[in-house]
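*Asks:* What follows is work_30.txt, compact mmCIF, C-alpha atoms.
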```txt
# COMPACT_ATOMS: atom_id res chain seq x y z
CA MET A 1 0.00 0.00 0.00
CA ARG A 2 2.90 2.35 0.77
CA HIS A 3 4.41 1.83 -2.70
CA LEU A 4 1.01 2.13 -4.37
CA GLY A 5 0.54 5.50 -2.70
CA LYS A 6 3.86 6.72 -4.05
CA VAL A 7 3.05 5.53 -7.58
CA LEU A 8 -0.39 7.15 -7.50
CA ALA A 9 1.07 10.35 -6.07
CA LEU A 10 3.62 10.54 -8.89
CA ALA A 11 0.97 9.81 -11.53
CA GLY A 12 -1.34 12.41 -10.01
CA LEU A 13 1.43 15.00 -9.89
CA ILE A 14 2.24 14.42 -13.55
CA LEU A 15 -1.45 14.80 -14.44
CA ALA A 16 -1.78 17.98 -12.35
CA VAL A 17 1.29 19.55 -13.98
CA TRP A 18 0.06 18.57 -17.46
CA LEU A 19 -3.37 20.10 -16.81
CA PHE A 20 -1.72 23.28 -15.55
CA LEU A 21 0.62 23.60 -18.53
CA ARG A 22 -2.02 22.90 -21.18
CA ASP A 23 -4.35 25.72 -20.10
CA ASN A 24 -2.28 28.87 -20.65
CA PRO A 25 -0.02 28.75 -17.56
CA GLY A 26 0.97 32.38 -18.04
CA ALA A 27 -2.64 33.52 -17.69
CA ILE A 28 -3.13 31.27 -14.64
CA LEU A 29 -0.06 32.72 -12.94
CA SER A 30 -1.19 36.26 -13.75
CA LEU A 31 -4.54 35.59 -12.14
CA LEU A 32 -2.85 34.16 -9.04
CA GLU A 33 -0.41 37.08 -8.88
CA MET A 34 -3.30 39.53 -9.07
CA ALA A 35 -4.98 37.81 -6.11
CA GLY A 36 -1.72 37.86 -4.14
CA PRO A 37 -2.06 37.70 -0.32
CA GLY A 38 -5.83 37.50 -0.75
CA LEU A 39 -5.42 33.79 -1.44
CA VAL A 40 -3.89 33.33 2.02
CA LEU A 41 -6.83 35.14 3.60
CA ALA A 42 -9.25 33.01 1.55
CA SER A 43 -7.41 29.91 2.79
CA LEU A 44 -8.05 30.91 6.39
CA VAL A 45 -11.78 30.57 5.76
CA HIS A 46 -11.18 26.82 6.16
CA LEU A 47 -10.81 27.37 9.90
CA CYS A 48 -14.58 27.87 10.07
CA PRO A 49 -15.61 24.40 8.76
CA MET A 50 -12.92 22.80 10.93
CA LEU A 51 -14.38 24.47 14.02
CA ILE A 52 -17.89 23.39 13.03
CA ASN A 53 -16.73 19.81 12.50
CA ALA A 54 -15.07 19.81 15.91
CA GLN A 55 -18.34 20.90 17.51
CA ALA A 56 -20.22 18.17 15.60
CA TRP A 57 -17.78 15.49 16.79
CA ARG A 58 -17.89 16.78 20.37
CA LEU A 59 -21.61 15.93 20.62
CA LEU A 60 -20.81 12.22 20.29
CA PHE A 61 -18.80 12.03 23.51
CA PRO A 62 -20.42 11.53 26.93
CA VAL A 63 -21.43 14.85 28.43
CA GLY A 64 -19.24 14.49 31.51
CA SER A 65 -16.09 13.60 29.60
CA ARG A 66 -16.29 15.65 26.41
CA PRO A 67 -12.97 17.08 25.23
CA LYS A 68 -12.74 20.87 25.14
CA LEU A 69 -13.69 22.40 21.81
CA ALA A 70 -10.18 23.82 21.36
CA SER A 71 -8.62 20.39 21.94
CA LEU A 72 -10.98 18.74 19.47
CA MET A 73 -10.36 21.52 16.95
CA ARG A 74 -6.66 20.68 17.10
CA VAL A 75 -7.41 16.97 16.56
CA VAL A 76 -9.57 17.81 13.52
CA TRP A 77 -6.84 20.09 12.16
CA ILE A 78 -4.11 17.46 12.41
CA ARG A 79 -6.36 14.65 11.16
CA GLU A 80 -7.24 16.65 8.04
CA ALA A 81 -3.58 17.54 7.53
CA VAL A 82 -2.47 13.90 7.69
CA ASN A 83 -5.29 12.69 5.42
CA GLY A 84 -4.87 15.60 3.02
CA LEU A 85 -1.11 15.59 2.51
CA LEU A 86 0.28 12.16 3.35
CA PRO A 87 -0.05 8.88 1.39
CA VAL A 88 -2.23 7.22 4.03
CA ALA A 89 -5.39 6.47 1.96
CA ARG A 90 -7.40 8.74 4.32
CA VAL A 91 -6.96 6.22 7.12
CA GLY A 92 -3.81 7.49 8.82
CA GLY A 93 -5.58 10.63 9.98
CA GLU A 94 -8.07 8.56 11.97
CA ILE A 95 -5.24 6.64 13.66
CA VAL A 96 -3.50 9.88 14.59
CA ALA A 97 -6.82 11.31 15.81
CA TYR A 98 -7.31 8.32 18.13
CA ARG A 99 -3.83 8.78 19.64
CA MET A 100 -4.53 12.47 20.24
CA LEU A 101 -7.92 11.78 21.80
CA ARG A 102 -6.27 9.44 24.27
CA ARG A 103 -3.75 12.15 25.15
CA VAL A 104 -6.48 14.67 25.99
CA GLY A 105 -8.06 12.20 28.41
CA VAL A 106 -10.70 10.34 26.39
CA ASP A 107 -10.96 6.67 27.40
CA ARG A 108 -10.22 3.97 24.84
CA SER A 109 -13.75 2.73 24.11
CA PRO A 110 -15.43 6.17 23.84
CA ALA A 111 -12.54 7.38 21.67
CA VAL A 112 -12.86 4.51 19.19
CA ALA A 113 -16.66 4.55 19.25
CA GLY A 114 -16.84 8.32 18.78
CA LEU A 115 -14.34 8.20 15.94
CA THR A 116 -16.09 5.26 14.27
CA VAL A 117 -19.53 6.85 14.37
CA GLU A 118 -18.21 10.30 13.41
CA VAL A 119 -16.60 8.88 10.27
CA ALA A 120 -19.86 7.17 9.27
CA LEU A 121 -21.93 10.30 9.95
CA SER A 122 -19.41 12.41 8.07
CA ILE A 123 -19.93 10.22 5.00
CA VAL A 124 -23.71 10.48 5.39
CA SER A 125 -23.57 14.27 5.70
CA GLN A 126 -21.22 14.50 2.74
CA LEU A 127 -23.66 12.41 0.73
CA ALA A 128 -26.47 14.83 1.64
CA PHE A 129 -24.24 17.78 0.69
CA ALA A 130 -23.33 16.14 -2.63
CA LEU A 131 -27.01 15.49 -3.38
CA MET A 132 -27.71 19.15 -2.66
CA GLY A 133 -24.99 20.20 -5.07
CA LEU A 134 -26.22 17.75 -7.72
CA THR A 135 -29.74 19.08 -7.40
CA PHE A 136 -28.47 22.60 -8.05
CA LEU A 137 -26.38 21.27 -10.93
CA TYR A 138 -29.38 19.48 -12.46
CA LEU A 139 -31.45 22.64 -12.26
CA ASP A 140 -28.58 24.31 -14.10
CA SER A 141 -29.15 21.87 -17.01
CA ALA A 142 -25.84 19.96 -16.80
CA THR A 143 -27.76 16.71 -17.21
CA THR A 144 -24.99 14.42 -18.51
CA LEU A 145 -22.63 15.25 -15.67
CA PHE A 146 -25.54 15.02 -13.24
CA ALA A 147 -26.40 11.47 -14.36
CA ARG A 148 -22.84 10.23 -13.91
CA LEU A 149 -22.40 11.79 -10.50
CA ALA A 150 -25.85 10.64 -9.38
CA LEU A 151 -24.94 7.03 -10.17
CA ALA A 152 -21.70 7.34 -8.21
CA LEU A 153 -23.59 8.79 -5.23
CA LEU A 154 -26.16 6.00 -5.37
CA LEU A 155 -23.37 3.44 -5.06
CA LEU A 156 -21.86 5.47 -2.23
CA ALA A 157 -25.22 5.55 -0.42
CA ILE A 158 -25.44 1.77 -0.60
CA GLY A 159 -21.93 1.51 0.83
CA VAL A 160 -22.77 3.91 3.67
CA ALA A 161 -25.90 1.92 4.55
CA LEU A 162 -23.83 -1.27 4.71
CA LEU A 163 -21.18 0.43 6.84
CA ILE A 164 -23.69 1.62 9.44
CA ALA A 165 -25.41 -1.79 9.46
CA LEU A 166 -22.07 -3.50 10.07
CA GLN A 167 -21.21 -1.07 12.86
CA ASN A 168 -24.48 -1.85 14.60
CA ALA A 169 -23.93 -5.59 14.09
CA GLY A 170 -20.72 -5.67 16.16
CA LEU A 171 -18.17 -5.33 13.35
CA THR A 172 -15.19 -4.66 15.64
CA GLU A 173 -15.69 -7.76 17.79
CA LYS A 174 -16.28 -10.03 14.77
CA ALA A 175 -13.14 -8.71 13.08
CA MET A 176 -11.07 -9.34 16.21
CA GLN A 177 -12.49 -12.85 16.58
CA LEU A 178 -11.48 -13.63 12.99
CA LEU A 179 -8.01 -12.15 13.54
CA ASN A 180 -7.65 -14.14 16.77
CA ARG A 181 -8.47 -17.39 14.96
CA LEU A 182 -6.00 -16.60 12.18
CA ALA A 183 -3.32 -15.76 14.76
CA ALA A 184 -3.84 -18.95 16.81
CA GLY A 185 -5.28 -17.17 19.84
CA ARG A 186 -2.69 -14.39 20.18
CA PHE A 187 -5.40 -11.68 20.34
CA GLU A 188 -7.70 -13.26 22.91
CA ALA A 189 -7.41 -10.29 25.27
CA ALA A 190 -8.32 -7.83 22.53
CA ILE A 191 -11.70 -9.48 21.92
CA GLY A 192 -13.04 -8.14 25.21
CA HIS A 193 -11.96 -4.62 24.31
CA SER A 194 -13.55 -4.88 20.86
CA ALA A 195 -16.81 -6.13 22.38
CA GLN A 196 -16.84 -3.08 24.68
CA ILE A 197 -16.25 -0.80 21.67
CA ASP A 198 -19.17 -2.41 19.81
CA ARG A 199 -21.42 -1.82 22.82
CA GLU A 200 -20.30 1.82 22.90
CA VAL A 201 -21.05 2.20 19.17
CA ARG A 202 -24.53 0.69 19.50
CA ALA A 203 -25.27 2.84 22.55
CA LEU A 204 -24.09 5.91 20.67
CA TYR A 205 -26.44 5.23 17.75
CA ARG A 206 -29.30 5.07 20.28
CA ARG A 207 -28.54 8.64 21.38
CA HIS A 208 -30.77 10.04 18.67
CA ALA A 209 -30.46 13.69 19.67
CA ALA A 210 -26.65 13.51 19.60
CA ILE A 211 -26.68 11.73 16.22
CA ALA A 212 -29.10 14.25 14.71
CA GLY A 213 -27.16 17.19 16.14
CA CYS A 214 -23.87 15.82 14.84
CA LEU A 215 -25.33 15.33 11.36
CA LEU A 216 -26.70 18.88 11.26
CA TRP A 217 -23.40 20.38 12.41
CA LEU A 218 -21.47 18.27 9.87
CA LEU A 219 -23.75 19.41 7.06
CA ALA A 220 -23.22 22.99 8.20
CA GLY A 221 -19.48 22.32 8.00
CA TRP A 222 -19.75 21.19 4.37
CA LEU A 223 -21.79 24.29 3.54
CA ALA A 224 -19.19 26.48 5.26
CA GLY A 225 -16.60 24.84 3.02
CA ALA A 226 -18.39 26.35 0.02
CA ALA A 227 -17.45 29.74 1.45
CA GLU A 228 -13.81 28.85 0.67
CA ILE A 229 -14.69 28.49 -3.02
CA TRP A 230 -16.63 31.75 -3.00
CA ALA A 231 -13.82 33.63 -1.22
CA ALA A 232 -11.07 32.21 -3.48
CA LEU A 233 -12.93 33.19 -6.66
CA TRP A 234 -13.72 36.61 -5.20
CA VAL A 235 -10.04 37.40 -4.59
CA LEU A 236 -9.25 35.98 -8.06
CA GLY A 237 -11.59 38.60 -9.48
CA GLN A 238 -14.09 35.99 -10.73
CA PRO A 239 -16.99 36.13 -8.24
CA ILE A 240 -19.76 33.55 -8.42
CA GLY A 241 -23.06 33.04 -6.61
CA VAL A 242 -23.53 31.02 -3.44
CA ILE A 243 -25.37 28.23 -5.32
CA ASP A 244 -22.48 27.79 -7.77
CA ALA A 245 -20.03 27.73 -4.86
CA VAL A 246 -22.04 24.91 -3.27
CA ILE A 247 -22.05 22.99 -6.58
CA VAL A 248 -18.27 23.28 -6.96
CA GLU A 249 -17.44 22.39 -3.35
CA SER A 250 -19.84 19.43 -3.22
CA VAL A 251 -18.46 17.87 -6.40
CA ILE A 252 -14.81 18.51 -5.48
CA GLN A 253 -15.26 16.97 -2.03
CA ALA A 254 -17.08 13.94 -3.46
CA VAL A 255 -14.40 13.36 -6.11
CA SER A 256 -11.57 13.83 -3.61
CA SER A 257 -13.17 11.31 -1.23
CA ALA A 258 -13.67 8.82 -4.06
CA ALA A 259 -9.99 9.18 -4.99
CA PHE A 260 -8.87 8.41 -1.41
CA LEU A 261 -6.03 6.18 -2.61
CA VAL A 262 -4.37 9.11 -4.41
CA PRO A 263 -2.46 11.27 -1.89
CA GLY A 264 -4.05 14.70 -1.78
CA ALA A 265 -6.22 13.66 -4.77
CA LEU A 266 -3.34 14.94 -6.92
CA GLY A 267 -4.38 15.39 -10.52
CA VAL A 268 -7.86 14.06 -9.81
CA GLN A 269 -8.86 17.23 -7.97
CA GLU A 270 -7.47 19.45 -10.73
CA ALA A 271 -9.39 17.51 -13.37
CA ALA A 272 -12.56 17.81 -11.26
CA PHE A 273 -12.14 21.58 -11.00
CA LEU A 274 -11.90 21.81 -14.79
CA LEU A 275 -14.95 19.59 -15.26
CA ILE A 276 -17.26 21.24 -12.76
CA GLY A 277 -15.91 24.68 -13.65
CA ALA A 278 -16.99 24.18 -17.25
CA ALA A 279 -20.43 23.03 -16.02
CA ILE A 280 -21.05 26.33 -14.19
CA GLY A 281 -19.42 28.56 -16.81
CA LEU A 282 -15.85 29.04 -15.52
CA ASP A 283 -13.19 29.20 -18.22
CA PRO A 284 -10.25 26.72 -17.95
CA VAL A 285 -7.81 29.42 -16.78
CA THR A 286 -10.06 30.43 -13.88
CA ALA A 287 -10.81 26.79 -13.01
CA MET A 288 -7.11 25.94 -12.84
CA ALA A 289 -6.38 29.08 -10.83
CA LEU A 290 -9.08 27.96 -8.39
CA ALA A 291 -7.56 24.46 -8.23
CA THR A 292 -4.18 26.06 -7.47
CA ALA A 293 -5.78 28.23 -4.80
CA ARG A 294 -7.04 25.02 -3.14
CA ARG A 295 -3.46 23.70 -3.12
CA ILE A 296 -2.33 26.97 -1.56
CA ARG A 297 -5.00 26.41 1.10
CA ASP A 298 -3.51 22.99 1.80
CA GLY A 299 -0.11 24.56 2.33
CA VAL A 300 -1.36 27.41 4.50
CA ILE A 301 -3.56 25.24 6.75
CA PHE A 302 -2.29 21.66 6.56
CA LEU A 303 1.51 22.02 6.50
CA PRO A 304 1.51 23.76 9.90
CA GLY A 305 -0.80 20.96 11.08
CA LEU A 306 1.79 18.35 10.16
CA VAL A 307 4.50 20.35 11.94
CA ASN A 308 2.30 20.64 15.03
CA TRP A 309 1.68 16.89 14.97
CA GLN A 310 5.41 16.14 14.79
CA PHE A 311 6.08 18.39 17.77
CA ALA A 312 3.29 16.61 19.68
CA GLU A 313 4.78 13.20 18.86
CA SER A 314 8.24 14.36 19.93
CA ARG A 315 6.92 15.63 23.25
CA ALA A 316 5.09 12.35 23.81
CA LEU A 317 8.27 10.36 23.16
CA ARG A 318 10.32 12.53 25.54
CA SER A 319 7.75 12.20 28.33
CA ALA A 320 7.33 8.43 27.90
CA PRO A 321 8.86 6.38 30.76
```
Would you give me this structure, written as structure tokens?

*Replies:*
Amino acid sequence: MRHLGKVLALAGLILAVWLFLRDNPGAILSLLEMAGPGLVLASLVHLCPMLINAQAWRLLFPVGSRPKLASLMRVVWIREAVNGLLPVARVGGEIVAYRMLRRVGVDRSPAVAGLTVEVALSIVSQLAFALMGLTFLYLDSATTLFARLALALLLLAIGVALLIALQNAGLTEKAMQLLNRLAAGRFEAAIGHSAQIDREVRALYRRHAAIAGCLLWLLAGWLAGAAEIWAALWVLGQPIGVIDAVIVESVIQAVSSAAFLVPGALGVQEAAFLLIGAAIGLDPVTAMALATARRIRDGVIFLPGLVNWQFAESRALRSAP
């Protein structure tokens, strides 16, 4: 998997560079130069959806032992940075998030259960956001693109339904029992822990108010992400309406999630910007400038997140007995 990530990253980088060079790179650079520091300010808009997502996640923890919002915001920041920039197939961020939750005092079972349910609800909320964007796109008469994306979302919805069903059916314990049999009983002690996690997950799904609240906050987070698109195009001198910003953000997020094996969705994300940009009337130069602005956002927000994570890991190693 590590080597596959490197190969896909290289292929994606080649594709991204080719897409940039084929669409009048001089004009793209001029547009970016005109925006200047405004692109950094537009990047900072991403702090808003991260804060909203932290609040959504916080609702899933027991009231008496919820992490502070600031602590959970930091976990969300670093998780997104790891998933967004490293070749970890969007799984490594969840592992890092679990380690950080434990360090801020969350017990093992609530940490795993909260993370497991939050990931599932995040997919559900993203599906709802994508359907919203597709509805707007359909009303905008881009029917061919709509049909293709609608089929992909239908398949995703089926996958999400199966995921939630498996979580409620005790997936963690069953997986550990299988692993224990394959390992000739070496993981016997872990089965008890996995059973506890499954009980926590099922209990969490029965907290209907917390689940509904988390979903609403997560959906608000996706909508806030559309503000990044609006702000980036505004500083690029190519303002669009709120509806078009929602269309672009919903499609880009759906495509990036589908291309989870490609680190940072390199190349795939750029191609998606060109495709959806054409659907809402953006010329290729503007679409590629917007794609580049999203990469600038990754550098402004996520690179410091990786640095912060490394400092946290170093401190943990120094304080370990």

*Asks:* Could you give me, as a tab-separated table, a per-residue list for region 186-241 of chain A showing, wherever an atom lies at most 12 Å from an atom of region 61-64 of chain A, the closest pair of atoms and their distance in Å to one decimal, using all atoms listed in the file and sorting by chain then residue number from low to high?

*Replies:*
```
residue	atom	partner	partner_atom	distance
A:Glu200	CA	A:Phe61	CA	10.3
A:Val201	CA	A:Phe61	CA	11.0
A:Ala203	CA	A:Pro62	CA	10.9
A:Leu204	CA	A:Phe61	CA	8.6
A:Tyr205	CA	A:Phe61	CA	11.7
A:Arg207	CA	A:Pro62	CA	10.3
A:Ala210	CA	A:Phe61	CA	8.9
A:Ile211	CA	A:Phe61	CA	10.7
A:Cys214	CA	A:Phe61	CA	10.7
```

*Asks:* Please, what distance in Å, to one decimal, runs between CA of Ile252 (chain A) and CA of Ala272 (chain A)?

*Replies:*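 Computing it gives 6.2 Å between the two atoms.
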
*Asks:* Under the rule that only C-alpha atoms are counted, which of A:Val104, A:Leu216, A:Leu41, A:Leu15 is the nearest residue to Ala56 (chain A)?

*Replies:*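 Nearest candidate to Ala56 (chain A) out of A:Val104, A:Leu216, A:Leu41, A:Leu15: A:Leu216.
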
*Asks:* Given only C-alpha atoms as the basis, pick out the residue of A:Arg297, A:Arg103, A:Arg318, A:Arg74 nearest to Met50 (chain A).

*Replies:*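 Of the candidates, the smallest distance to Met50 (chain A) is held by A:Arg74.
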
*Asks:* Separation of CA of Met100 (chain A) and CA of Pro67 (chain A), in Å?

*Replies:*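 Atom-to-atom, CA of Met100 (chain A) and CA of Pro67 (chain A) are spaced 10.8 Å apart.
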
*Asks:* If I take CA of Gly305 (chain A) and CA of Val82 (chain A), how far is one from the other in Å, to one decimal?

*Replies:*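 CA of Val82 (chain A) lies at a distance of 8.0 Å from CA of Gly305 (chain A).
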
*Asks:* Determine, counting only C-alpha atoms, which protein, DNA and RNA residues have an atom within 12 Å of an atom of Leu290 (chain A); residues of the same chain fewer than 5 positions away are not included. Present the result as a count of residues only.

*Replies:* 40

*Asks:* For Gly133 (chain A), please output as JSON, numbers by chain all residues within 10 Å (counting only C-alpha atoms; exclusion window: fewer than 5 positions along the same chain).

*Replies:* {"A": [127, 128, 138, 139, 146, 243, 244, 245, 246, 247, 248, 249, 250, 251]}

*Asks:* Take the selection from the previous step and output its residues with C-alpha atoms, as a PDB file, in the coordinates of the input.

*Replies:*
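Result file again.pdb:
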```pdb
ATOM      1  CA  LEU A 127     -23.660  12.410   0.730  1.00  0.00           C
ATOM      2  CA  ALA A 128     -26.470  14.830   1.640  1.00  0.00           C
ATOM      3  CA  TYR A 138     -29.380  19.480 -12.460  1.00  0.00           C
ATOM      4  CA  LEU A 139     -31.450  22.640 -12.260  1.00  0.00           C
ATOM      5  CA  PHE A 146     -25.540  15.020 -13.240  1.00  0.00           C
ATOM      6  CA  ILE A 243     -25.370  28.230  -5.320  1.00  0.00           C
ATOM      7  CA  ASP A 244     -22.480  27.790  -7.770  1.00  0.00           C
ATOM      8  CA  ALA A 245     -20.030  27.730  -4.860  1.00  0.00           C
ATOM      9  CA  VAL A 246     -22.040  24.910  -3.270  1.00  0.00           C
ATOM     10  CA  ILE A 247     -22.050  22.990  -6.580  1.00  0.00           C
ATOM     11  CA  VAL A 248     -18.270  23.280  -6.960  1.00  0.00           C
ATOM     12  CA  GLU A 249     -17.440  22.390  -3.350  1.00  0.00           C
ATOM     13  CA  SER A 250     -19.840  19.430  -3.220  1.00  0.00           C
ATOM     14  CA  VAL A 251     -18.460  17.870  -6.400  1.00  0.00           C
TER      15      VAL A 251
END
```

*Asks:* Of the residues A:Ala254, A:Val40, A:Val106, A:Ala81, which is the one nearest to Val268 (chain A), using all atoms listed in the file?

*Replies:*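 Answer, going by the shortest atom-to-atom distance: A:Ala254.
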
*Asks:* List every protein, DNA or RNA residue with an atom no more than 10 Å from (-2.9, 15.6, 10.1) in the file's coordinates, counting only C-alpha atoms, and format the result as a ChimeraX atom specification.

*Replies:* /A:74-86,92-97,302-310

*Asks:* Name the closest residue to Leu275 (chain A) among the candidates A:Ala316, A:Ile52, A:Leu219, A:Ala291; distances are taken between atoms, counting all atoms listed in the file.

*Replies:* A:Ala291

*Asks:* Is it possible to get the axis-aligned box enclosing region 212-220 of chain A (all listed atoms, 8 Å extra per side) as JSON, with centre and edge lengths in Å rounded to one decimal?

*Replies:*
```
{"center_x": -25.3, "center_y": 18.6, "center_z": 11.6, "size_x": 23.6, "size_y": 24.7, "size_z": 25.1}
```

*Asks:* What's around Tyr98 (chain A) at 9 Å? Count all atoms listed in the file, leave out sequence neighbours fewer than 6 positions away in its own chain, and write the answer as a PDB file with C-alpha atoms, in the coordinates of the input.

*Replies:*
```pdb
ATOM      1  CA  VAL A  75      -7.410  16.970  16.560  1.00  0.00           C
ATOM      2  CA  ARG A 108     -10.220   3.970  24.840  1.00  0.00           C
ATOM      3  CA  ALA A 111     -12.540   7.380  21.670  1.00  0.00           C
ATOM      4  CA  VAL A 112     -12.860   4.510  19.190  1.00  0.00           C
ATOM      5  CA  LEU A 115     -14.340   8.200  15.940  1.00  0.00           C
TER       6      LEU A 115
END
```
